[in-house]
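A.B. asks: Could you have a look at this structure, given as structure tokens, before my questions?
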Amino acid sequence: MSEASLTENHKGATSQTGISQGRPVLAFGLATVLAVVVVAIGVRMQGQWPLTMIAILGLLAFLGLLSAFGTLAGFVHFGRLPKQRAFFDGLMDAVGDCCAVSDARGRVVFANEAYRALLGETRPGRLTGIENLYTGYPDVSERVYRLAQAARDGAALSEEFRLEAGSAAAGAHGDQPTWMRCSVSPVSTSVGQRFTLWRLQDITVDRAQQEGAFASLQFIINYLDHAPAGFFSTNKNGQIVYLNATLADWLEIDLLQTSDGSLKLDDLLDEDDVQMLLAIAPEPGGRRTEVFDLSMRSKSGQPVPVRIVHRTDFDHAGSEQPSRSLVLDMRGAGTGEDIANAADQQLNRLINAAPIGIAKISPDGEIETANSVFVGLCSDVKRGARLENAIRSEQRAEFSHWIGKALAGADCDDSINVTFTGSENVSGELILSRGGQGEANEDGLTVFAIDTTKHNSLEVQLAQSQKMQAVGQLAGGVAHDFNNVLTAIIGFSDLLLAKHRPTDPSFADIMNIKQNANRAANLVRQLLAFSRRQTLRPEVLSLTDVLSDLGNLLGRLLGEKIELKVVHGRGVGLVKVDVNQFEQVIINLAVNARDAMPEGGVLSVSTANVAPEQSRTVKPGLMPEGEYVLCEVRDTGTGMPQDVVDKIYEPFFSTKEVGKGTGLGLSTVYGIIKQTGGFIFCDSVLGQGTTFRIYLPRHAETAADGAEKTATQAPEEKRADLTGHGTILLVEDEDAVRSFASRALESRGYTVLEADSGERALEIVEEHDGGFDLVLSDVVMPEMDGPSLLKELRKRGISTKVVFISGYAEDAFEKNLEGQEDFAFLPKPFSLKQLAGAVKSAIEG
């Protein structure tokens, strides 16, 4: 295709008017008329011309006339071509770059003057395409091949390549390397033909400018990298986005390892220093430059004392931009610096390393500077922010009034106790350092902060402990006296029942007395559990087994409306607890949960191991670090307000209606868990439910535990015959208890000698020359108690077996026996059967 045909196609693709638009219709019409005339003449002369010749003449007339009119219309149309081609040539020449157009076969059908000048061609003729122009340049040919492939696919593509100095195709830069950009773009026409525009641009100057800018940038980077000071930049998350070689050398860091974004400010500074450096309030459109004297940390762990000039910028929305920090090595400070500057640096380090918070407050109440301890009190403590924003809302008005008076120089207290914002409930005492009263503090104030969280927690814990101890002592004393009374009631009831048949009218009355006495005994046991004075029989076991055995009982307790979910943790460790008492704990919690879900709900009981690192976060200051086994009891009931949660372990405190609870359920739970050596915590939300978490120390099983477990699991021999014989010395200061015990033992065949005190017991021993089979003694007695009696007997060489009876727990007096373990124990209250069984077991044991 010639350049004229390309121009014609270009013109036809843009605008076809006049004769160029109507000539096909005119030519076709005239040719058709001529053909019809010829055929008509042939028909009239049918006898002289063959029919075939007539048809041929008609067809030739049609085609000839069509061609003639087409040629005539073409002459008329091409009369307008020179003006449009001149415009097209001028347009392509004005581009300035070398431009050529190729057809689908890759032949150049048009080229502007710049392209012809590049080839050195001035005459019309077939031109060399760009595909063949750089055939002798291996580095370029691959790029040109990709361009040609894109042209064939009708796609656009651009490539850049370098021509060495002196190359024939280097253009105007023949004496130096030339950079060229070659691009292809598809060109579509209305006649369906496909063309490609090739554009060749000389970008040597642009490249030179880019390389110059890059060289300048590289110079700046090299300067920063090897400057006599360190530089680093961080984003708002503390990630290092730039670190120069000087600082990397100081900190023994491989600079290549900093390019992946894994290096963080935590790797260079202590956690408290990082928190202080990043604690800054947003200033929309502003910037903040501060100086810090800190110690950075090298890779080997060595401290590097530095002075950091830290600058932070904010955009107009207040978003923090990457910060820039200048780092000065202060390891040589003092050699060439004045004494005042060195002292200032040392003072800054001391302030930052102080164990209390120190902050400078501006006259407007904003935090100007703060050390790491002050910043660590609350996330709202930031430089540039108001200190009152870090105080709980309910205390903010009081604090604002206090610090406002201090800034004005008015008379006010030098300290105030506050609670900081956040979920950690951090409390502190703020102490002022200011000028004399009556003088306005134009330079602001210095505020010292002491974290009182642990102190307050210990105060609350001590007060609670003292209160519980006092109530426990009272409960234990009352329980002891009640046990003596109940022992007599239950014992004499047994004596009466032994003389009456079930058919006797009074038998039911006596049984009623005994049953109510047993109910009273259960209440006393709960009091002893709360005061932690009950007798425990701990054994090594798995909570998984205990909860599995309790499943059916809990299901019956909860009823049909409440769903029970028991989730056992994997590999739950062993604990050492009294299984009966722990079952009582779970039952009490389940009953409370049931009462809190009158419309039904879900009770979940789960177990899990707690690692030492997890235990640190449970209740710091209340529960020591260690390995624990967690038992969690969670319900979906009504929940409790905080003021109720604070009192739930107090004896006789109950939220239930009168007559529906004793108020000792949770007190018993608290006492059992504490006596076991564990911890119990409660979390409750109104309308959502309550969760009790029990932490029991994890037990490492030993060989002795295994033997004890085997002995515990051995079935007890049933003693149907509780009669016996022998002489028993009964020592009891309570007349009613002594009378019942004496009559009960005599009824079982024993000879009983009674003593109402320890001294009288020793006299009887002397009179009978120690001829006793058993000593049955109370523990708490006036003048000489049970343990003292045992010691005196052993001193005299009397090895008679001893059984102690007491309303207190066994471990309450064990410490007074100084290693004496040859005794048995029977807790009060006891029945006739229990007394006879304990005595026979001791004598035969």
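Identifiers for the structure tokens are assigned positionally: chains receive A, B, ... in sequence, residues are indexed from 1 per chain, and ligands are indexed from 1 in the order shown.
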Skipping near chain neighbours, those fewer than 5 positions away, what residues fall within 10 Å of Leu277 (chain A) using only C-alpha atoms, listed as a list of chain:residue names?

C.D. replies: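 Here the qualifying residues turn out to be A:Gly238, A:Leu265, A:Leu269, A:Glu271, A:Asp272, A:Glu290, A:Val291, A:Phe292, A:Ile308, A:His310, A:Ala370, A:Asn371, A:Ser372, A:Val375, A:Lys382, A:Arg383.
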
A.B. asks: At a cut-off of 7 Å, using only C-alpha atoms, what residues contact Ala517 (chain A)? Leave out same-chain residues fewer than 2 positions from it and give the result as an NGL selection string.

C.D. replies: :A and (486 or 489-490 or 513-515 or 519-521)

A.B. asks: Do you know which residues are at most 12 Å from Glu746 (chain A) counting only C-alpha atoms, after dropping those on the same chain fewer than 3 positions away, and could you put them as a PyMOL selection string?

C.D. replies: chain A and resi 495+722-730+739-743+749-754+832+835-836+839

A.B. asks: Residues of the last selection are to be written out with C-alpha atoms, as a CSV table (one decimal), in the first residue's frame.

C.D. replies:
```csv
chain,number,residue,atom,x,y,z
A,495,LEU,CA,-29.1,-43.9,123.7
A,722,LEU,CA,-19.0,-52.7,117.7
A,723,THR,CA,-18.8,-54.4,121.2
A,724,GLY,CA,-15.5,-54.9,122.9
A,725,HIS,CA,-13.6,-55.1,126.2
A,726,GLY,CA,-10.9,-53.3,127.9
A,727,THR,CA,-10.3,-50.3,130.2
A,728,ILE,CA,-10.7,-46.8,128.8
A,729,LEU,CA,-9.6,-43.5,130.5
A,730,LEU,CA,-12.2,-40.9,129.4
A,739,SER,CA,-21.7,-38.7,130.6
A,740,PHE,CA,-22.9,-39.8,127.2
A,741,ALA,CA,-19.5,-41.2,126.1
A,742,SER,CA,-19.2,-43.1,129.4
A,743,ARG,CA,-22.6,-44.7,129.1
A,749,GLY,CA,-18.7,-53.8,127.1
A,750,TYR,CA,-15.9,-51.5,128.1
A,751,THR,CA,-14.7,-50.4,131.5
A,752,VAL,CA,-14.6,-46.6,131.7
A,753,LEU,CA,-12.8,-44.4,134.2
A,754,GLU,CA,-13.8,-40.7,134.0
A,832,LEU,CA,-22.8,-43.6,119.5
A,835,LEU,CA,-17.7,-43.4,119.0
A,836,ALA,CA,-17.9,-47.2,119.4
A,839,VAL,CA,-12.6,-46.9,120.0
```

A.B. asks: Using only C-alpha atoms, which of the listed residues (A:Ile280, A:Ala488, A:Cys631, A:Leu147) sits closest to Ile694 (chain A)?

C.D. replies: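 Checking each of A:Ile280, A:Ala488, A:Cys631, A:Leu147 against Ile694 (chain A), counting only C-alpha atoms, the winner is A:Cys631.
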
A.B. asks: So, with only C-alpha atoms as the atoms that count, which of A:Thr446, A:Asn483, A:Asn417, A:Asn425 lies closest to Lys360 (chain A)?

C.D. replies: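 Ranking A:Thr446, A:Asn483, A:Asn417, A:Asn425 by distance to Lys360 (chain A), first place goes to A:Thr446.
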
A.B. asks: Hey, what's within 7 Å of Gly573 (chain A) if we count only C-alpha atoms and toss same-chain stuff fewer than 3 positions away? As a PyMOL selection string, please?

C.D. replies: chain A and resi 542+609+629+698

A.B. asks: So which one's closest to Arg556 (chain A), A:Ser415, A:Leu541, A:Val591, A:Arg287? Using only C-alpha atoms, please.

C.D. replies: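 Result for the nearest residue to Arg556 (chain A): A:Val591.
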
A.B. asks: Measure the distance from CA of Met511 (chain A) to CA of Phe825 (chain A) in Å and round it to one decimal.

C.D. replies: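 Spanning CA of Met511 (chain A) to CA of Phe825 (chain A) is a straight-line distance of 26.8 Å.
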
A.B. asks: Could you work out how far CA of Asp153 (chain A) lies from CA of Gly90 (chain A), giving the answer in Å with one decimal?

C.D. replies: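 Atom-to-atom, CA of Gly90 (chain A) and CA of Asp153 (chain A) are spaced 29.0 Å apart.
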
A.B. asks: Which residues are close to Phe161 (chain A), i.e. within 9 Å by only C-alpha atoms, leaving aside same-chain residues fewer than 6 positions away? Reply as number ranges by chain.

C.D. replies: A: 139-140, 143, 178-182

A.B. asks: Identify, with DSSP run on backbone atoms, the residues in region 484-632 of chain A assigned to alpha helix (DSSP H), and express the list as a compact mmCIF listing (two decimals) with C-alpha atoms, in the first residue's frame.

C.D. replies:
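The resulting file, states_21.txt, is shown below:
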```txt
# COMPACT_ATOMS: atom_id res chain seq x y z
CA ASN A 484 -20.10 -30.05 122.49
CA VAL A 485 -23.83 -29.34 122.83
CA LEU A 486 -24.66 -31.24 119.66
CA THR A 487 -22.53 -34.20 120.70
CA ALA A 488 -24.61 -34.53 123.83
CA ILE A 489 -27.92 -34.14 121.95
CA ILE A 490 -27.02 -36.64 119.24
CA GLY A 491 -25.46 -39.04 121.75
CA PHE A 492 -28.35 -39.14 124.17
CA SER A 493 -30.73 -39.43 121.20
CA ASP A 494 -28.85 -42.57 120.20
CA LEU A 495 -29.10 -43.92 123.75
CA LEU A 496 -32.85 -43.31 123.72
CA LEU A 497 -33.28 -44.85 120.26
CA ALA A 498 -31.45 -47.95 121.47
CA LYS A 499 -34.19 -48.42 124.11
CA PHE A 507 -39.41 -43.17 118.46
CA ALA A 508 -40.39 -40.65 115.74
CA ASP A 509 -39.95 -37.74 118.16
CA ILE A 510 -36.49 -38.89 119.14
CA MET A 511 -35.56 -39.31 115.44
CA ASN A 512 -36.80 -35.76 114.82
CA ILE A 513 -34.51 -34.48 117.56
CA LYS A 514 -31.52 -36.32 116.08
CA GLN A 515 -32.21 -35.21 112.49
CA ASN A 516 -32.42 -31.54 113.51
CA ALA A 517 -29.29 -31.95 115.57
CA ASN A 518 -27.55 -33.30 112.46
CA ARG A 519 -28.80 -30.28 110.49
CA ALA A 520 -27.29 -28.05 113.14
CA ALA A 521 -24.08 -30.07 112.88
CA ASN A 522 -23.95 -29.34 109.14
CA LEU A 523 -24.23 -25.61 109.83
CA VAL A 524 -21.40 -25.90 112.35
CA ARG A 525 -19.28 -27.71 109.76
CA GLN A 526 -19.87 -24.84 107.36
CA LEU A 527 -18.72 -22.38 110.00
CA LEU A 528 -15.60 -24.45 110.57
CA ALA A 529 -15.03 -24.61 106.81
CA PHE A 530 -15.23 -20.82 106.57
CA LEU A 543 -10.41 -32.88 88.80
CA THR A 544 -11.55 -34.55 85.59
CA ASP A 545 -12.47 -37.70 87.54
CA VAL A 546 -14.18 -35.72 90.31
CA LEU A 547 -16.36 -33.77 87.87
CA SER A 548 -17.22 -36.89 85.92
CA ASP A 549 -18.48 -38.56 89.10
CA LEU A 550 -20.48 -35.43 90.01
CA GLY A 551 -22.18 -35.15 86.62
CA ASN A 552 -25.35 -37.07 87.46
CA LEU A 553 -25.80 -35.39 90.83
CA LEU A 554 -25.38 -31.92 89.31
CA GLY A 555 -27.90 -32.77 86.62
CA ARG A 556 -30.52 -33.64 89.24
CA LEU A 557 -29.72 -30.50 91.26
CA LEU A 558 -30.07 -28.17 88.25
CA VAL A 579 -12.45 -34.91 97.51
CA ASN A 580 -15.58 -34.62 99.66
CA GLN A 581 -14.92 -30.97 100.44
CA PHE A 582 -14.18 -30.14 96.80
CA GLU A 583 -17.40 -31.82 95.74
CA GLN A 584 -19.15 -29.61 98.30
CA VAL A 585 -17.55 -26.55 96.65
CA ILE A 586 -18.87 -27.49 93.20
CA ILE A 587 -22.32 -28.33 94.55
CA ASN A 588 -22.59 -25.01 96.41
CA LEU A 589 -21.60 -23.06 93.29
CA ALA A 590 -24.02 -25.09 91.15
CA VAL A 591 -26.91 -24.46 93.56
CA ASN A 592 -26.20 -20.70 93.54
CA ALA A 593 -26.07 -20.76 89.74
CA ARG A 594 -29.39 -22.60 89.60
CA ASP A 595 -31.03 -19.99 91.81
CA PRO A 612 3.50 -19.89 85.42
CA GLU A 613 3.58 -17.13 82.79
CA GLN A 614 -0.23 -17.22 82.62
CA SER A 615 -0.58 -17.09 86.41
```

A.B. asks: Could you list, as a ChimeraX atom specification, every residue within 10 Å of Val765 (chain A), counting only C-alpha atoms and ignoring same-chain residues fewer than 4 positions away?

C.D. replies: /A:729,753,759-761,769-772,793,798

A.B. asks: Quick check, in Å to one decimal: how far apart do CA of Gly626 (chain A) and CA of Ser606 (chain A) lie?

C.D. replies: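 CA of Gly626 (chain A) sits 19.9 Å away from CA of Ser606 (chain A).
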
A.B. asks: Using only C-alpha atoms for the distances, tell me which of A:Val803, A:Val610, A:Thr246, A:Gln210 is nearest to Tyr223 (chain A).

C.D. replies: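 With only C-alpha atoms as the atom set, the closest residue is A:Thr246.
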